[in-house]
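Novice: So I've got this file, query06.txt, and it contains compact mmCIF, C-alpha atoms and all ligand atoms:
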```txt
# COMPACT_ATOMS: atom_id res chain seq x y z
CA PRO A 639 -18.09 -16.47 6.71
CA ILE A 640 -15.50 -18.93 7.98
CA VAL A 641 -11.98 -17.53 8.37
CA PHE A 642 -8.68 -19.18 9.22
CA LEU A 643 -6.96 -17.59 12.21
CA ASN A 644 -3.75 -18.93 13.78
CA GLY A 645 -4.26 -22.59 13.07
CA THR A 646 -8.04 -22.91 13.21
CA TYR A 647 -11.10 -22.35 11.09
CA VAL A 648 -13.58 -20.16 12.97
CA ARG A 649 -16.68 -18.18 12.17
CA ALA A 650 -15.69 -14.57 11.50
CA GLU A 651 -17.76 -13.36 14.45
CA ASP A 652 -15.85 -15.69 16.77
CA ALA A 653 -12.37 -14.73 15.55
CA ARG A 654 -10.32 -12.89 18.18
CA ILE A 655 -7.18 -10.86 17.56
CA SER A 656 -5.34 -9.21 20.47
CA PRO A 657 -5.48 -5.41 20.81
CA PHE A 658 -1.70 -5.73 21.26
CA ASP A 659 -1.23 -7.34 17.86
CA ARG A 660 1.52 -5.34 16.17
CA GLY A 661 -0.45 -5.42 12.94
CA PHE A 662 -2.99 -3.27 14.77
CA THR A 663 -0.69 -1.02 16.83
CA PHE A 664 2.12 -0.54 14.30
CA GLY A 665 0.73 -1.72 10.97
CA GLU A 666 3.52 -4.32 11.07
CA GLY A 667 1.97 -6.71 8.60
CA VAL A 668 2.08 -7.95 5.03
CA TYR A 669 -0.61 -9.48 2.86
CA GLU A 670 -1.55 -11.17 -0.40
CA VAL A 671 -4.69 -11.40 -2.48
CA CYS A 672 -4.96 -14.42 -4.76
CA ILE A 673 -8.01 -15.15 -6.87
CA ALA A 674 -9.65 -18.42 -7.81
CA VAL A 675 -11.69 -18.90 -10.97
CA ASN A 676 -13.98 -21.95 -11.08
CA GLY A 677 -12.16 -23.38 -8.10
CA LYS A 678 -8.68 -22.96 -9.59
CA PHE A 679 -6.21 -20.47 -8.11
CA VAL A 680 -4.46 -18.03 -10.44
CA ASP A 681 -0.71 -17.69 -9.92
CA ALA A 682 -0.80 -19.00 -6.34
CA PRO A 683 2.94 -19.92 -6.30
CA ALA A 684 3.89 -16.38 -7.38
CA HIS A 685 1.70 -14.84 -4.67
CA LEU A 686 3.13 -17.13 -2.00
CA ALA A 687 6.69 -16.42 -3.17
CA ARG A 688 5.99 -12.69 -2.89
CA LEU A 689 4.53 -13.24 0.60
CA ASP A 690 7.84 -14.87 1.56
CA ARG A 691 9.78 -11.90 0.15
CA SER A 692 7.57 -9.40 2.01
CA LEU A 693 7.99 -11.33 5.28
CA ALA A 694 11.75 -11.49 4.85
CA ALA A 695 12.00 -7.77 3.97
CA CYS A 696 10.06 -6.85 7.15
CA GLY A 697 11.83 -9.35 9.40
CA ILE A 698 8.53 -11.05 10.22
CA ALA A 699 8.80 -14.76 11.06
CA HIS A 700 6.93 -17.22 8.87
CA PRO A 701 3.66 -18.37 10.39
CA PRO A 702 3.96 -22.03 11.46
CA GLU A 703 1.33 -22.95 8.82
CA ARG A 704 3.51 -21.63 5.96
CA ALA A 705 3.93 -25.03 4.28
CA LYS A 706 0.17 -25.63 4.36
CA LEU A 707 -1.05 -22.31 2.93
CA ASP A 708 -2.01 -23.94 -0.39
CA SER A 709 -4.33 -26.43 1.25
CA ILE A 710 -5.76 -23.81 3.63
CA MET A 711 -6.58 -21.65 0.61
CA GLU A 712 -8.44 -24.56 -1.00
CA GLU A 713 -10.24 -25.41 2.23
CA LEU A 714 -11.37 -21.79 2.75
CA LEU A 715 -13.02 -21.82 -0.67
CA ARG A 716 -14.79 -25.07 0.20
CA LYS A 717 -15.92 -23.97 3.66
CA ASN A 718 -17.30 -20.69 2.28
CA ASP A 719 -18.85 -22.21 -0.86
CA VAL A 720 -16.76 -19.96 -3.07
CA THR A 721 -15.72 -21.18 -6.52
CA THR A 722 -14.85 -17.82 -8.08
CA GLY A 723 -13.52 -15.22 -5.68
CA LEU A 724 -10.47 -14.20 -3.74
CA VAL A 725 -8.46 -15.43 -0.79
CA TYR A 726 -6.90 -12.77 1.42
CA ILE A 727 -3.82 -13.71 3.47
CA GLN A 728 -2.45 -11.42 6.15
CA VAL A 729 0.56 -12.07 8.37
CA THR A 730 1.57 -9.74 11.18
CA SER A 731 4.60 -10.03 13.44
CA GLY A 732 2.34 -11.03 16.36
CA VAL A 733 1.60 -9.77 19.87
CA SER A 734 3.90 -7.65 22.06
CA PRO A 735 3.63 -4.73 24.48
CA ARG A 736 3.37 -1.45 22.59
CA ASN A 737 7.05 -0.81 22.11
CA PHE A 738 8.58 -0.16 18.72
CA THR A 739 11.51 -2.53 18.87
CA ILE A 740 10.31 -5.52 20.89
CA ARG A 741 10.22 -8.79 18.97
CA PRO A 742 7.07 -10.73 19.77
CA GLU A 743 7.73 -13.91 21.74
CA GLY A 744 4.77 -15.75 20.33
CA ARG A 745 3.84 -16.75 16.83
CA SER A 746 3.20 -14.47 13.84
CA THR A 747 -0.50 -13.81 13.40
CA LEU A 748 -1.99 -15.47 10.32
CA LEU A 749 -5.44 -14.49 9.12
CA MET A 750 -6.95 -15.85 5.91
CA MET A 751 -10.41 -15.33 4.47
CA ALA A 752 -12.31 -15.99 1.26
CA GLN A 753 -14.77 -13.77 -0.56
CA ALA A 754 -16.90 -14.47 -3.64
CA SER A 755 -16.51 -12.13 -6.60
CA ASP A 756 -16.88 -12.48 -10.34
CA PHE A 757 -13.98 -10.56 -11.81
CA GLU A 758 -14.82 -11.11 -15.47
CA GLN A 759 -18.35 -9.80 -14.95
CA THR A 760 -17.52 -6.40 -13.42
CA SER A 761 -18.33 -3.27 -15.40
CA ALA A 762 -14.72 -2.15 -14.78
CA PHE A 763 -13.35 -5.22 -16.56
CA ARG A 764 -15.89 -5.12 -19.39
CA GLU A 765 -16.26 -1.42 -20.00
CA GLY A 766 -13.24 0.25 -18.42
CA ILE A 767 -12.61 2.84 -15.73
CA HIS A 768 -11.88 6.54 -15.30
CA VAL A 769 -8.84 7.49 -13.23
CA GLN A 770 -7.10 10.53 -11.80
CA LEU A 771 -3.39 11.21 -11.32
CA ARG A 772 -1.89 12.02 -7.92
CA GLU A 773 1.67 12.47 -6.73
CA ASP A 774 2.98 9.26 -5.17
CA ILE A 775 3.41 10.22 -1.52
CA ARG A 776 4.01 6.67 -0.30
CA TRP A 777 7.23 5.35 1.22
CA LEU A 778 10.07 3.99 -0.91
CA HIS A 779 9.60 0.26 -0.25
CA ARG A 780 6.57 -0.21 -2.43
CA ASP A 781 8.02 -3.54 -3.53
CA ILE A 782 6.92 -4.87 -0.11
CA LYS A 783 3.21 -5.65 0.06
CA THR A 784 2.48 -4.18 3.50
CA THR A 785 -0.86 -3.55 5.19
CA MET A 786 0.07 0.14 5.64
CA LEU A 787 -2.46 1.24 3.06
CA MET A 788 -3.53 4.68 4.26
CA PRO A 789 -2.25 6.55 1.16
CA GLN A 790 -4.06 4.08 -1.11
CA VAL A 791 -7.31 4.31 0.85
CA MET A 792 -7.15 8.12 0.76
CA ALA A 793 -6.31 8.21 -2.94
CA LYS A 794 -9.14 5.83 -3.85
CA ARG A 795 -11.66 7.74 -1.73
CA ASP A 796 -10.49 10.96 -3.30
CA ALA A 797 -10.97 9.48 -6.78
CA LEU A 798 -14.55 8.51 -5.90
CA ALA A 799 -15.23 12.01 -4.56
CA GLN A 800 -14.04 13.34 -7.94
CA GLY A 801 -16.41 11.01 -9.79
CA MET A 802 -13.65 8.62 -10.89
CA SER A 803 -12.94 5.04 -9.90
CA ASP A 804 -9.24 4.96 -9.11
CA THR A 805 -5.96 6.85 -8.81
CA LEU A 806 -2.68 6.37 -10.65
CA PHE A 807 0.43 7.60 -8.83
CA TYR A 808 3.42 9.40 -10.35
CA ASP A 809 6.86 10.40 -9.12
CA GLU A 810 9.62 12.46 -10.73
CA GLN A 811 10.39 9.65 -13.19
CA GLY A 812 6.82 9.11 -14.36
CA ILE A 813 3.88 6.87 -13.46
CA THR A 814 4.78 4.47 -10.66
CA GLU A 815 1.63 2.32 -10.43
CA GLY A 816 -2.07 2.45 -9.59
CA ALA A 817 -3.24 2.61 -5.97
CA SER A 818 -3.75 -1.17 -6.15
CA SER A 819 -2.56 -2.10 -9.63
CA ASN A 820 0.22 -1.83 -12.19
CA VAL A 821 -0.17 0.48 -15.18
CA PHE A 822 0.40 -0.28 -18.87
CA LEU A 823 -0.07 1.82 -21.97
CA VAL A 824 0.27 1.28 -25.68
CA ASP A 825 2.37 4.21 -26.82
CA ALA A 826 2.21 6.19 -30.05
CA HIS A 827 4.54 3.62 -31.71
CA GLY A 828 2.35 0.66 -30.76
CA THR A 829 4.71 -0.54 -28.04
CA LEU A 830 3.31 -1.93 -24.79
CA VAL A 831 4.97 0.07 -22.00
CA THR A 832 5.12 -0.44 -18.24
CA ARG A 833 7.49 0.76 -15.55
CA PRO A 834 10.45 -1.52 -14.82
CA LEU A 835 10.57 -3.16 -11.39
CA SER A 836 12.31 -1.33 -8.55
CA ASN A 837 11.61 -0.33 -4.96
CA ARG A 838 9.19 2.28 -6.37
CA LEU A 839 6.42 -0.20 -7.26
CA LEU A 840 5.02 -3.59 -6.40
CA ALA A 841 6.10 -6.48 -8.60
CA GLY A 842 2.59 -7.46 -9.65
CA CYS A 843 2.02 -11.14 -10.36
CA THR A 844 -0.51 -10.14 -13.03
CA ARG A 845 1.99 -7.64 -14.53
CA GLU A 846 4.48 -10.50 -14.98
CA ARG A 847 1.88 -12.73 -16.67
CA ILE A 848 0.80 -9.96 -19.02
CA LEU A 849 4.38 -9.25 -20.05
CA ASP A 850 4.86 -12.97 -20.79
CA LEU A 851 1.61 -13.19 -22.78
CA ALA A 852 2.42 -10.03 -24.74
CA ARG A 853 5.91 -11.30 -25.64
CA GLU A 854 4.50 -14.69 -26.65
CA ALA A 855 1.97 -12.90 -28.85
CA GLY A 856 4.81 -11.02 -30.53
CA LEU A 857 3.84 -7.56 -29.24
CA PRO A 858 6.68 -5.08 -28.86
CA VAL A 859 7.23 -4.50 -25.13
CA ASP A 860 9.30 -1.87 -23.36
CA GLU A 861 9.80 -1.67 -19.61
CA ARG A 862 10.38 2.04 -19.04
CA PRO A 863 8.64 4.74 -17.00
CA ILE A 864 5.45 6.16 -18.56
CA GLN A 865 5.45 9.97 -18.67
CA ARG A 866 2.30 11.85 -17.70
CA ALA A 867 2.31 13.66 -21.05
CA GLU A 868 2.13 10.32 -22.87
CA PHE A 869 -1.54 9.77 -22.00
CA ALA A 870 -2.30 12.41 -24.64
CA THR A 871 -0.71 10.34 -27.42
CA ALA A 872 -1.22 6.79 -26.09
CA THR A 873 -3.58 4.57 -28.06
CA GLU A 874 -4.55 2.36 -25.10
CA CYS A 875 -4.11 2.17 -21.34
CA PHE A 876 -4.98 -0.48 -18.77
CA VAL A 877 -4.28 -1.49 -15.19
CA THR A 878 -3.54 -5.00 -13.90
CA SER A 879 -3.95 -6.74 -10.57
CA ALA A 880 -5.18 -10.05 -9.24
CA THR A 881 -8.73 -8.67 -8.91
CA TYR A 882 -8.71 -6.11 -11.74
CA LEU A 883 -7.31 -8.76 -14.11
CA ILE A 884 -6.73 -6.42 -17.08
CA THR A 885 -9.01 -3.42 -16.71
CA PRO A 886 -9.18 -0.81 -19.48
CA VAL A 887 -8.55 2.84 -18.55
CA LEU A 888 -10.74 5.11 -20.66
CA THR A 889 -9.87 8.57 -19.30
CA VAL A 890 -7.07 10.06 -17.21
CA ASP A 891 -7.92 13.25 -15.33
CA GLY A 892 -10.98 13.63 -17.57
CA VAL A 893 -9.04 13.34 -20.86
CA SER A 894 -9.81 10.37 -23.13
CA ILE A 895 -7.16 7.89 -24.14
CA ALA A 896 -7.40 7.96 -27.96
CA ASP A 897 -11.12 7.76 -28.83
CA GLY A 898 -12.10 6.69 -25.30
CA GLN A 899 -13.01 3.14 -26.39
CA VAL A 900 -11.44 -0.11 -25.20
CA GLY A 901 -8.60 -0.88 -27.64
CA LEU A 902 -7.61 -4.00 -29.53
CA VAL A 903 -4.40 -4.78 -27.59
CA THR A 904 -6.32 -4.54 -24.31
CA ARG A 905 -9.11 -6.83 -25.57
CA THR A 906 -6.56 -9.30 -26.95
CA LEU A 907 -4.62 -9.46 -23.67
CA GLN A 908 -7.88 -9.80 -21.70
CA ARG A 909 -8.79 -12.78 -23.85
CA LEU A 910 -5.35 -14.41 -23.59
CA TYR A 911 -5.23 -13.85 -19.84
CA CYS A 912 -8.74 -15.23 -19.25
CA ASN A 913 -7.96 -18.23 -21.43
CA SER A 914 -4.84 -18.94 -19.39
CA MET A 915 -6.84 -18.64 -16.13
CA ASN A 916 -9.48 -21.03 -17.35
CA ASP A 917 -7.03 -23.59 -18.74
N1 LIG B 1001 0.52 -2.43 -7.15
C1 LIG B 1001 -0.12 -2.28 -5.97
C2 LIG B 1001 0.14 -1.06 -5.15
C3 LIG B 1001 -1.05 -3.24 -5.54
O1 LIG B 1001 -1.68 -3.09 -4.36
C4 LIG B 1001 -1.30 -4.37 -6.37
C5 LIG B 1001 -2.24 -5.42 -5.98
O2 LIG B 1001 -3.05 -5.26 -5.10
C6 LIG B 1001 -0.62 -4.47 -7.59
C7 LIG B 1001 0.30 -3.50 -7.93
C8 LIG B 1001 -0.86 -5.64 -8.52
O3 LIG B 1001 -0.32 -6.83 -8.00
P1 LIG B 1001 -0.91 -8.26 -8.40
O4 LIG B 1001 -0.99 -8.30 -9.88
O5 LIG B 1001 0.09 -9.23 -7.87
O6 LIG B 1001 -2.25 -8.36 -7.73
```
Would you kindly transcribe this structure into structure tokens?
Specialist:
Amino acid sequence: PIVFLNGTYVRAEDARISPFDRGFTFGEGVYEVCIAVNGKFVDAPAHLARLDRSLAACGIAHPPERAKLDSIMEELLRKNDVTTGLVYIQVTSGVSPRNFTIRPEGRSTLLMMAQASDFEQTSAFREGIHVQLREDIRWLHRDIKTTMLMPQVMAKRDALAQGMSDTLFYDEQGITEGASSNVFLVDAHGTLVTRPLSNRLLAGCTRERILDLAREAGLPVDERPIQRAEFATATECFVTSATYLITPVLTVDGVSIADGQVGLVTRTLQRLYCNSMND
């Protein structure tokens, strides 16, 4: 693969990042994942706007290529022969001696890469997934998309070890989000419910699109925390992210949502979302 590192396109095996990069020593980095379908990016401006917010929140300087990220994204697809897949963008604060408070003198590190993947063809998207619940032990700035992903990696590995595909997190107010997704359910009254934005969860670009599509379609929508007990009475549940698109959740901790089949609201939103991607 060809990656973009600090101003140049290089083969992945030739890319060099300093051992003193603060992304490596301190996890001082932020990232984005944006997908392209048939060569067209989905919600790229929203992802780049969130990258700017994450950088600002962490006090990381913009990489000098900031204004050109759009064209670098396009070029990475071309150079890697990817038409449907994802582009990963990571920015760290750069290189400094290993000292907590030093501000790097040089540039922020920018790494971008592309990867082919067919999101609409995955069994998760088509057939749904099984998830477990775990207490949300992450920090309280989950609105910042940082590369400090240890809790998510552990939670996802733990899910696999339990024979499930992912983990949903909860706190004292209810479900926060999935380990790499936002969570929606259709409650017993037929209302589409998802947690309101706060520092407790990431403002998903896909979440925002789904809320818009649902409102346009005339579905009742309520942004409020989902209680763990509600999975017993919910009629549908799904998770959203750039790569999950809208993925049905069939069971939570081994208990089926309704009859354990993918529901009508989920299928309708999948169709509307895929139509809007392919427009
Ligand atoms: N929440 C978390 C913790 C995530 O990591 C992600 C995406 O990876 C999301 C939500 C969904 O965000 P988006 O729809 O912008 O991909």
Novice: Give the answer as one residue: which of A:Leu851, A:Gly723, A:Val769, A:Ser709 has the shortest atom-to-atom distance to Asn913 in chain A, using only C-alpha atoms?
Specialist: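 Between A:Leu851, A:Gly723, A:Val769, A:Ser709, the residue approaching Asn913 in chain A most closely is A:Leu851.
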Novice: May I ask you to write as a list of chain:residue names all residues lying at most 6 Å from ligand LIG 1001 (chain B), with only C-alpha atoms and all ligand atoms counted?
Specialist: A:Glu815, A:Ala817, A:Ser818, A:Ser819, A:Asn820, A:Leu840, A:Gly842, A:Cys843, A:Thr844, A:Arg845, A:Thr878, A:Ser879, A:Ala880
Novice: For Ala682 in chain A, which of A:Tyr808, A:Ile884, A:Gly816, A:Met915 is the closest residue, counting all atoms listed in the file?
Specialist: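 Smallest distance to Ala682 in chain A is found for A:Met915.
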Novice: Which residues are close to Ile655 in chain A, i.e. within 12 Å by all atoms listed in the file, leaving aside same-chain residues fewer than 6 positions away? Reply as a ChimeraX atom specification.
Specialist: /A:642-644,661-663,730,732-733,746-749
Novice: Which neighbours of Pro742 in chain A fall inside 12 Å, counting only C-alpha atoms, when residues of the same chain fewer than 3 positions from it are skipped, and could you give them as a PyMOL selection string?
Specialist: chain A and resi 658-661+666+697-699+730-739+745-747
Novice: Just to be explicit: take each residue in the selection above, keep C-alpha atoms, and write the result as an mmCIF file, in the frame of the given file.
Specialist:
```cif
data_model
loop_
_atom_site.group_PDB
_atom_site.id
_atom_site.type_symbol
_atom_site.label_atom_id
_atom_site.label_comp_id
_atom_site.auth_asym_id
_atom_site.auth_seq_id
_atom_site.Cartn_x
_atom_site.Cartn_y
_atom_site.Cartn_z
ATOM 1 C CA PHE A 658 -1.700 -5.730 21.260
ATOM 2 C CA ASP A 659 -1.230 -7.340 17.860
ATOM 3 C CA ARG A 660 1.520 -5.340 16.170
ATOM 4 C CA GLY A 661 -0.450 -5.420 12.940
ATOM 5 C CA GLU A 666 3.520 -4.320 11.070
ATOM 6 C CA GLY A 697 11.830 -9.350 9.400
ATOM 7 C CA ILE A 698 8.530 -11.050 10.220
ATOM 8 C CA ALA A 699 8.800 -14.760 11.060
ATOM 9 C CA THR A 730 1.570 -9.740 11.180
ATOM 10 C CA SER A 731 4.600 -10.030 13.440
ATOM 11 C CA GLY A 732 2.340 -11.030 16.360
ATOM 12 C CA VAL A 733 1.600 -9.770 19.870
ATOM 13 C CA SER A 734 3.900 -7.650 22.060
ATOM 14 C CA PRO A 735 3.630 -4.730 24.480
ATOM 15 C CA ARG A 736 3.370 -1.450 22.590
ATOM 16 C CA ASN A 737 7.050 -0.810 22.110
ATOM 17 C CA PHE A 738 8.580 -0.160 18.720
ATOM 18 C CA THR A 739 11.510 -2.530 18.870
ATOM 19 C CA ARG A 745 3.840 -16.750 16.830
ATOM 20 C CA SER A 746 3.200 -14.470 13.840
ATOM 21 C CA THR A 747 -0.500 -13.810 13.400
#
```
Novice: Write out as a list in words the residues lying within 12 Å of Asp825 in chain A, counting only C-alpha atoms and excluding same-chain residues fewer than 6 positions away.
Specialist: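 My list of contacting residues is Val831, Thr832, Pro858, Val859, Asp860, Glu861, Arg862, Pro863, Ile864, Gln865, Arg866, Ala867, Glu868, Phe869, Ala870, Thr871, Ala872, Thr873, Glu874, Cys875, Phe876, Ile895, Ala896 and Val903 of chain A.
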Novice: So the first atom is CA of Val668 in chain A and the second is CA of Pro683 in chain A; what is the distance between them in Å, to one decimal place?
Specialist: 16.5 Å
Novice: Which residue gives the smallest distance to Met751 in chain A among A:Gly892, A:Pro639, A:Pro789, A:Pro702, with only C-alpha atoms counted?
Specialist: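 So, comparing all the options, the nearest one is A:Pro639.
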Novice: (-5.1, -16.4, -14.8) in this file's frame - what residues fall within 12 Å of it? Use all atoms listed in the file and give the answer as a PyMOL selection string.
Specialist: chain A and resi 672-682+684+722+757-758+843-848+851+878-884+907-917
Novice: Using all atoms listed in the file, which of A:Thr785, A:Thr906, A:Thr889, A:Gln899 sits nearest Gly665 in chain A?
Specialist: A:Thr785
Novice: What does the distance from CA of Thr885 in chain A to CA of Gly766 in chain A come to in Å, to one decimal?
Specialist: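 Separation of CA of Thr885 in chain A and CA of Gly766 in chain A: 5.9 Å.
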Novice: Could you tell me how far CA of Ile782 in chain A lies from CA of Ala694 in chain A, in Å and to one decimal?
Specialist: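 Between CA of Ile782 in chain A and CA of Ala694 in chain A the gap is 9.6 Å.
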Novice: Of the candidates A:Val725, A:Ala793, A:Ala762, A:Val720, which one gets nearest to Leu686 in chain A if we count only C-alpha atoms?
Specialist: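 For Leu686 in chain A, the nearest of the candidates is A:Val725.
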Novice: Just checking: using only C-alpha atoms, which residue out of A:Lys783, A:Arg795, A:Arg772, A:Arg654 ends up closest to Ala687 in chain A?
Specialist: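 The shortest atom-to-atom distance to Ala687 in chain A comes from A:Lys783.
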Novice: Residues near Met750 in chain A, anyone? I mean within 9 Å using only C-alpha atoms, not counting same-chain ones fewer than 6 positions away, as a PyMOL selection string.
Specialist: chain A and resi 641-643+710-711+714+725-729
Novice: Neighbouring residues of Ile640 in chain A were defined as those with any atom within 9 Å, considering only C-alpha atoms; residues of the same chain fewer than 2 positions away were excluded. Please report them as a VMD selection string.
Specialist: chain A and resid 642 647 to 651 714 717 to 718 751 to 752
